[in-house]
Amino acid sequence: MMLFNEALLETYRQNDVVLQLLNTTSETDDANFTSQQWLRESFPKRMIYSYLYGDLLNQATQPRKVLDVGGGYTALTRLLAQKHDYLLLDILAHDNNTELLQVETAFDNRFWSNTDWYEFNPQSGYDLVIANDIFPNVDQRLEIFLDRYLPHCHELRLTLTYYNVPRWYKVKRTDAKEIFHMLAWDGEQVSQVLDGYLDRIASPDLSYLQKNPTSLFANQRQVCMVVLHGDK
């Protein structure tokens, strides 16, 4: 487990490898995609990306079977799809589906499935499943996700986003008129879920989740990386 903090960010500043890759691989149309914009604009996001995906982008890394859940599309997605047996599973809430289909056609590689992870039928034998910046802030089905995908992979990497200061969202149901105020998860709630998977977590230390160091983000969220051992 790893809690992203200012010390890690300062170390990463010495060699911003993700920005270097973006500068050498990005094409004009990539700027249309929200994840590409976020990655270019945010130093902390690039640091986190380097920890989750960096080894996969290393030229010396052998090809792997990778499922990327909710990772969004960036110029680096093309590199991942070119090097690995890679599938991006993303409902693409922020972007135009047609534009990504055009990227696939130009690239001659069908690397994207516009499917919710719960509706997707995972194959056995993924070397790696990645979920970046999805659980539990965007998607609170964390435990269901772990139980569904751990049996199908060798390793599962995810970043968990939570708030140790009160934060909530005013939202409207898409199928009714109710207005909800949804309280974001805190570290204690995340800890309660992960406690059931301690035997799978590499270097487990749930105390990280109770800490509230200076956030790397303006909205005060905390981000922790967790690596779990799957069944394959």
# chains A, B, ... in the order shown; residues from 1 in each chain; ligands from 1
call {"tool": "closest_atom_pairs", "arguments": {"of": "stretch 151-178 of chain A", "to": "stretch 31-54 of chain A", "cutoff": "10 Å", "atoms": "only C-alpha atoms", "output": "Markdown table"}}
result
| residue | atom | partner | partner_atom | distance |
| --- | --- | --- | --- | --- |
| A:Arg157 | CA | A:Leu52 | CA | 7.0 |
| A:Leu158 | CA | A:Leu52 | CA | 7.7 |
| A:Thr159 | CA | A:Leu52 | CA | 8.3 |
call {"tool": "closest_atom_pairs", "arguments": {"of": "stretch 98-153 of chain A", "to": "stretch 65-81 of chain A", "cutoff": "10 Å", "atoms": "only C-alpha atoms", "output": "CSV"}}
result
residue,atom,partner,partner_atom,distance
A:Leu100,CA,A:Tyr73,CA,8.0
A:Val103,CA,A:Arg78,CA,9.1
A:Glu104,CA,A:Arg78,CA,9.1
A:Phe107,CA,A:Arg78,CA,8.0
A:Asn109,CA,A:Ala81,CA,7.6
A:Arg110,CA,A:Ala81,CA,8.8
A:Phe111,CA,A:Ala81,CA,6.4
A:Trp112,CA,A:Tyr73,CA,9.2
A:Ser113,CA,A:Val69,CA,9.9
A:Asn114,CA,A:Gly70,CA,9.8
A:Thr115,CA,A:Gly70,CA,9.6
A:Asp116,CA,A:Gly70,CA,8.7
A:Trp117,CA,A:Val69,CA,7.0
A:Pro122,CA,A:Leu67,CA,9.0
A:Gln123,CA,A:Leu67,CA,9.8
A:Gly125,CA,A:Lys65,CA,7.7
A:Tyr126,CA,A:Lys65,CA,5.2
A:Asp127,CA,A:Lys65,CA,5.2
A:Leu128,CA,A:Val66,CA,4.9
A:Val129,CA,A:Leu67,CA,4.8
A:Ile130,CA,A:Asp68,CA,4.9
A:Ala131,CA,A:Val69,CA,4.9
A:Asn132,CA,A:Gly71,CA,5.9
A:Asp133,CA,A:Gly71,CA,7.9
A:Ile134,CA,A:Gly70,CA,6.7
A:Phe135,CA,A:Gly70,CA,9.9
A:Cys153,CA,A:Val66,CA,9.1
call {"tool": "residues_around", "arguments": {"residues": "A:Ile179", "least_positions_apart": "5", "cutoff": "12 Å", "atoms": "only C-alpha atoms", "output": "PDB file with C-alpha atoms, in the first residue's frame"}}
result
ATOM      1  CA  TYR A 169     -22.464  15.577  -3.528  1.00  0.00           C
ATOM      2  CA  LYS A 170     -25.934  16.740  -4.480  1.00  0.00           C
ATOM      3  CA  VAL A 171     -27.088  14.345  -7.196  1.00  0.00           C
ATOM      4  CA  LYS A 172     -30.274  13.463  -9.058  1.00  0.00           C
ATOM      5  CA  ARG A 173     -31.403   9.981  -9.948  1.00  0.00           C
ATOM      6  CA  THR A 174     -31.470   9.379 -13.681  1.00  0.00           C
TER       7      THR A 174
END
call {"tool": "select_by_dssp", "arguments": {"residues": "stretch 189-227 of chain A", "states": "strand (DSSP E or B)", "output": "list in words"}}
result
Ile201, Gln222, Val223, Cys224, Met225, Val226 and Val227 of chain A
call {"tool": "select_by_dssp", "arguments": {"residues": "stretch 69-210 of chain A", "states": "helix (DSSP H, G or I)", "output": "PyMOL selection string"}}
result
chain A and resi 75-83+97-107+142-152+187-197+206-210
call {"tool": "residues_around", "arguments": {"residues": "A:Tyr197", "least_positions_apart": "6", "cutoff": "12 Å", "atoms": "only C-alpha atoms", "output": "PyMOL selection string"}}
result
chain A and resi 142-143+146-147+150+156+190-191+203-206+226-230
call {"tool": "atom_distance", "arguments": {"atom1": "atom CA of A:Arg200", "atom2": "atom CA of A:Arg141"}}
result
18.5 Å
call {"tool": "closest_residue", "arguments": {"among": "A:Leu57, A:Leu209, A:Ala93, A:Phe217", "to": "A:Met2", "atoms": "only C-alpha atoms"}}
result
A:Leu209
call {"tool": "residues_around", "arguments": {"residues": "A:Gln210", "least_positions_apart": "6", "cutoff": "8 Å", "atoms": "only C-alpha atoms", "output": "count of residues only"}}
result
3
call {"tool": "atom_distance", "arguments": {"atom1": "atom CA of A:Asn96", "atom2": "atom CA of A:Asn137"}}
result
22.9 Å
call {"tool": "closest_residue", "arguments": {"among": "A:Leu216, A:Met1, A:Ile201, A:Val223", "to": "A:Trp185", "atoms": "only C-alpha atoms"}}
result
A:Val223
call {"tool": "decode", "arguments": {"residues": "stretch 57-198 of chain A", "atoms": "C-alpha atoms", "output": "mmCIF file, in the first residue's frame"}}
result
data_model
loop_
_atom_site.group_PDB
_atom_site.id
_atom_site.type_symbol
_atom_site.label_atom_id
_atom_site.label_comp_id
_atom_site.auth_asym_id
_atom_site.auth_seq_id
_atom_site.Cartn_x
_atom_site.Cartn_y
_atom_site.Cartn_z
ATOM 1 C CA LEU A 57 5.250 1.435 -20.634
ATOM 2 C CA ASN A 58 8.841 0.333 -20.055
ATOM 3 C CA GLN A 59 10.323 -0.971 -23.290
ATOM 4 C CA ALA A 60 11.937 -3.879 -21.442
ATOM 5 C CA THR A 61 8.609 -5.151 -20.075
ATOM 6 C CA GLN A 62 7.263 -8.299 -21.695
ATOM 7 C CA PRO A 63 3.749 -8.150 -23.224
ATOM 8 C CA ARG A 64 0.996 -8.810 -20.700
ATOM 9 C CA LYS A 65 -2.755 -9.334 -20.760
ATOM 10 C CA VAL A 66 -4.176 -6.153 -19.190
ATOM 11 C CA LEU A 67 -7.708 -5.046 -18.329
ATOM 12 C CA ASP A 68 -7.947 -1.313 -17.591
ATOM 13 C CA VAL A 69 -11.207 -0.474 -15.794
ATOM 14 C CA GLY A 70 -12.345 3.127 -16.139
ATOM 15 C CA GLY A 71 -8.906 4.371 -17.132
ATOM 16 C CA GLY A 72 -10.082 6.831 -19.767
ATOM 17 C CA TYR A 73 -8.301 7.472 -23.055
ATOM 18 C CA THR A 74 -4.977 9.289 -23.434
ATOM 19 C CA ALA A 75 -2.142 9.176 -25.928
ATOM 20 C CA LEU A 76 -0.501 6.622 -23.636
ATOM 21 C CA THR A 77 -3.472 4.299 -24.085
ATOM 22 C CA ARG A 78 -2.263 3.721 -27.638
ATOM 23 C CA LEU A 79 1.159 2.731 -26.336
ATOM 24 C CA LEU A 80 -0.405 0.272 -23.911
ATOM 25 C CA ALA A 81 -2.606 -1.216 -26.637
ATOM 26 C CA GLN A 82 0.335 -1.471 -29.009
ATOM 27 C CA LYS A 83 2.603 -3.244 -26.529
ATOM 28 C CA HIS A 84 0.155 -5.444 -24.618
ATOM 29 C CA ASP A 85 -2.979 -7.546 -24.994
ATOM 30 C CA TYR A 86 -4.872 -4.573 -23.622
ATOM 31 C CA LEU A 87 -8.556 -3.770 -23.167
ATOM 32 C CA LEU A 88 -9.941 -0.474 -21.869
ATOM 33 C CA LEU A 89 -13.274 -1.004 -20.121
ATOM 34 C CA ASP A 90 -14.877 2.430 -19.836
ATOM 35 C CA ILE A 91 -18.347 3.936 -20.275
ATOM 36 C CA LEU A 92 -16.561 7.136 -21.357
ATOM 37 C CA ALA A 93 -18.808 9.476 -19.384
ATOM 38 C CA HIS A 94 -16.742 12.565 -20.220
ATOM 39 C CA ASP A 95 -16.131 12.069 -23.926
ATOM 40 C CA ASN A 96 -17.624 11.423 -27.347
ATOM 41 C CA ASN A 97 -17.865 7.721 -28.181
ATOM 42 C CA THR A 98 -17.584 8.392 -31.896
ATOM 43 C CA GLU A 99 -14.222 10.078 -31.483
ATOM 44 C CA LEU A 100 -12.737 7.072 -29.694
ATOM 45 C CA LEU A 101 -14.156 4.728 -32.330
ATOM 46 C CA GLN A 102 -12.354 6.848 -34.906
ATOM 47 C CA VAL A 103 -9.118 6.471 -32.943
ATOM 48 C CA GLU A 104 -9.567 2.694 -32.923
ATOM 49 C CA THR A 105 -10.163 2.667 -36.673
ATOM 50 C CA ALA A 106 -7.113 4.808 -37.411
ATOM 51 C CA PHE A 107 -5.020 2.695 -35.050
ATOM 52 C CA ASP A 108 -6.494 -0.550 -36.446
ATOM 53 C CA ASN A 109 -6.862 -1.913 -32.930
ATOM 54 C CA ARG A 110 -10.136 -2.549 -31.082
ATOM 55 C CA PHE A 111 -8.899 -1.899 -27.573
ATOM 56 C CA TRP A 112 -12.046 -0.358 -26.031
ATOM 57 C CA SER A 113 -15.308 -1.758 -24.658
ATOM 58 C CA ASN A 114 -18.064 0.710 -23.732
ATOM 59 C CA THR A 115 -19.332 -1.458 -20.879
ATOM 60 C CA ASP A 116 -19.863 -1.111 -17.149
ATOM 61 C CA TRP A 117 -17.486 -3.451 -15.355
ATOM 62 C CA TYR A 118 -20.364 -5.245 -13.617
ATOM 63 C CA GLU A 119 -21.994 -6.073 -16.960
ATOM 64 C CA PHE A 120 -18.706 -7.216 -18.489
ATOM 65 C CA ASN A 121 -17.882 -10.928 -18.532
ATOM 66 C CA PRO A 122 -14.218 -11.141 -17.457
ATOM 67 C CA GLN A 123 -12.024 -13.792 -19.010
ATOM 68 C CA SER A 124 -9.701 -15.864 -16.897
ATOM 69 C CA GLY A 125 -6.007 -15.264 -17.053
ATOM 70 C CA TYR A 126 -5.482 -11.501 -16.916
ATOM 71 C CA ASP A 127 -1.951 -10.760 -15.869
ATOM 72 C CA LEU A 128 -3.094 -7.417 -14.533
ATOM 73 C CA VAL A 129 -6.355 -5.598 -13.793
ATOM 74 C CA ILE A 130 -6.067 -1.849 -13.144
ATOM 75 C CA ALA A 131 -8.694 0.524 -11.723
ATOM 76 C CA ASN A 132 -7.465 4.110 -11.444
ATOM 77 C CA ASP A 133 -9.444 6.822 -9.637
ATOM 78 C CA ILE A 134 -12.749 4.931 -9.711
ATOM 79 C CA PHE A 135 -13.342 3.435 -6.268
ATOM 80 C CA PRO A 136 -14.960 4.379 -3.996
ATOM 81 C CA ASN A 137 -15.537 8.053 -4.811
ATOM 82 C CA VAL A 138 -16.995 7.535 -8.296
ATOM 83 C CA ASP A 139 -18.144 3.946 -7.785
ATOM 84 C CA GLN A 140 -18.976 2.645 -4.305
ATOM 85 C CA ARG A 141 -19.206 -1.013 -5.415
ATOM 86 C CA LEU A 142 -15.625 -1.668 -4.290
ATOM 87 C CA GLU A 143 -16.190 -4.993 -2.539
ATOM 88 C CA ILE A 144 -18.315 -6.330 -5.401
ATOM 89 C CA PHE A 145 -15.583 -5.349 -7.852
ATOM 90 C CA LEU A 146 -12.850 -7.107 -5.878
ATOM 91 C CA ASP A 147 -14.870 -10.287 -5.511
ATOM 92 C CA ARG A 148 -15.718 -10.291 -9.207
ATOM 93 C CA TYR A 149 -12.257 -9.651 -10.657
ATOM 94 C CA LEU A 150 -9.711 -11.135 -8.236
ATOM 95 C CA PRO A 151 -10.542 -14.696 -9.377
ATOM 96 C CA HIS A 152 -9.625 -13.748 -12.956
ATOM 97 C CA CYS A 153 -6.239 -12.050 -12.564
ATOM 98 C CA HIS A 154 -2.738 -12.520 -11.255
ATOM 99 C CA GLU A 155 -2.539 -8.974 -9.901
ATOM 100 C CA LEU A 156 -5.035 -6.176 -9.296
ATOM 101 C CA ARG A 157 -3.847 -2.583 -8.885
ATOM 102 C CA LEU A 158 -6.130 0.224 -7.865
ATOM 103 C CA THR A 159 -6.045 3.713 -6.490
ATOM 104 C CA LEU A 160 -8.622 4.425 -3.813
ATOM 105 C CA THR A 161 -9.932 7.976 -3.524
ATOM 106 C CA TYR A 162 -11.561 9.099 -0.272
ATOM 107 C CA TYR A 163 -11.922 12.093 2.039
ATOM 108 C CA ASN A 164 -10.961 12.343 5.697
ATOM 109 C CA VAL A 165 -12.818 15.633 5.862
ATOM 110 C CA PRO A 166 -16.606 15.659 5.270
ATOM 111 C CA ARG A 167 -17.523 15.972 1.599
ATOM 112 C CA TRP A 168 -20.805 15.245 -0.144
ATOM 113 C CA TYR A 169 -22.464 15.577 -3.528
ATOM 114 C CA LYS A 170 -25.934 16.740 -4.480
ATOM 115 C CA VAL A 171 -27.088 14.345 -7.196
ATOM 116 C CA LYS A 172 -30.274 13.463 -9.058
ATOM 117 C CA ARG A 173 -31.403 9.981 -9.948
ATOM 118 C CA THR A 174 -31.470 9.379 -13.681
ATOM 119 C CA ASP A 175 -34.600 7.213 -13.448
ATOM 120 C CA ALA A 176 -36.644 9.293 -10.983
ATOM 121 C CA LYS A 177 -37.056 12.786 -9.546
ATOM 122 C CA GLU A 178 -35.372 12.239 -6.179
ATOM 123 C CA ILE A 179 -32.476 14.469 -5.172
ATOM 124 C CA PHE A 180 -29.834 12.797 -2.994
ATOM 125 C CA HIS A 181 -26.997 14.170 -0.893
ATOM 126 C CA MET A 182 -24.335 11.458 -1.107
ATOM 127 C CA LEU A 183 -21.588 11.519 1.511
ATOM 128 C CA ALA A 184 -18.206 10.534 0.091
ATOM 129 C CA TRP A 185 -16.392 7.641 1.742
ATOM 130 C CA ASP A 186 -13.731 8.306 4.342
ATOM 131 C CA GLY A 187 -10.649 6.238 5.117
ATOM 132 C CA GLU A 188 -12.425 4.248 7.826
ATOM 133 C CA GLN A 189 -15.034 2.993 5.372
ATOM 134 C CA VAL A 190 -12.344 2.007 2.875
ATOM 135 C CA SER A 191 -10.444 0.244 5.657
ATOM 136 C CA GLN A 192 -13.506 -1.804 6.612
ATOM 137 C CA VAL A 193 -13.704 -3.207 3.083
ATOM 138 C CA LEU A 194 -9.978 -3.876 2.680
ATOM 139 C CA ASP A 195 -9.794 -5.637 6.041
ATOM 140 C CA GLY A 196 -11.405 -8.649 4.382
ATOM 141 C CA TYR A 197 -8.572 -8.868 1.825
ATOM 142 C CA LEU A 198 -5.488 -8.417 4.025
#
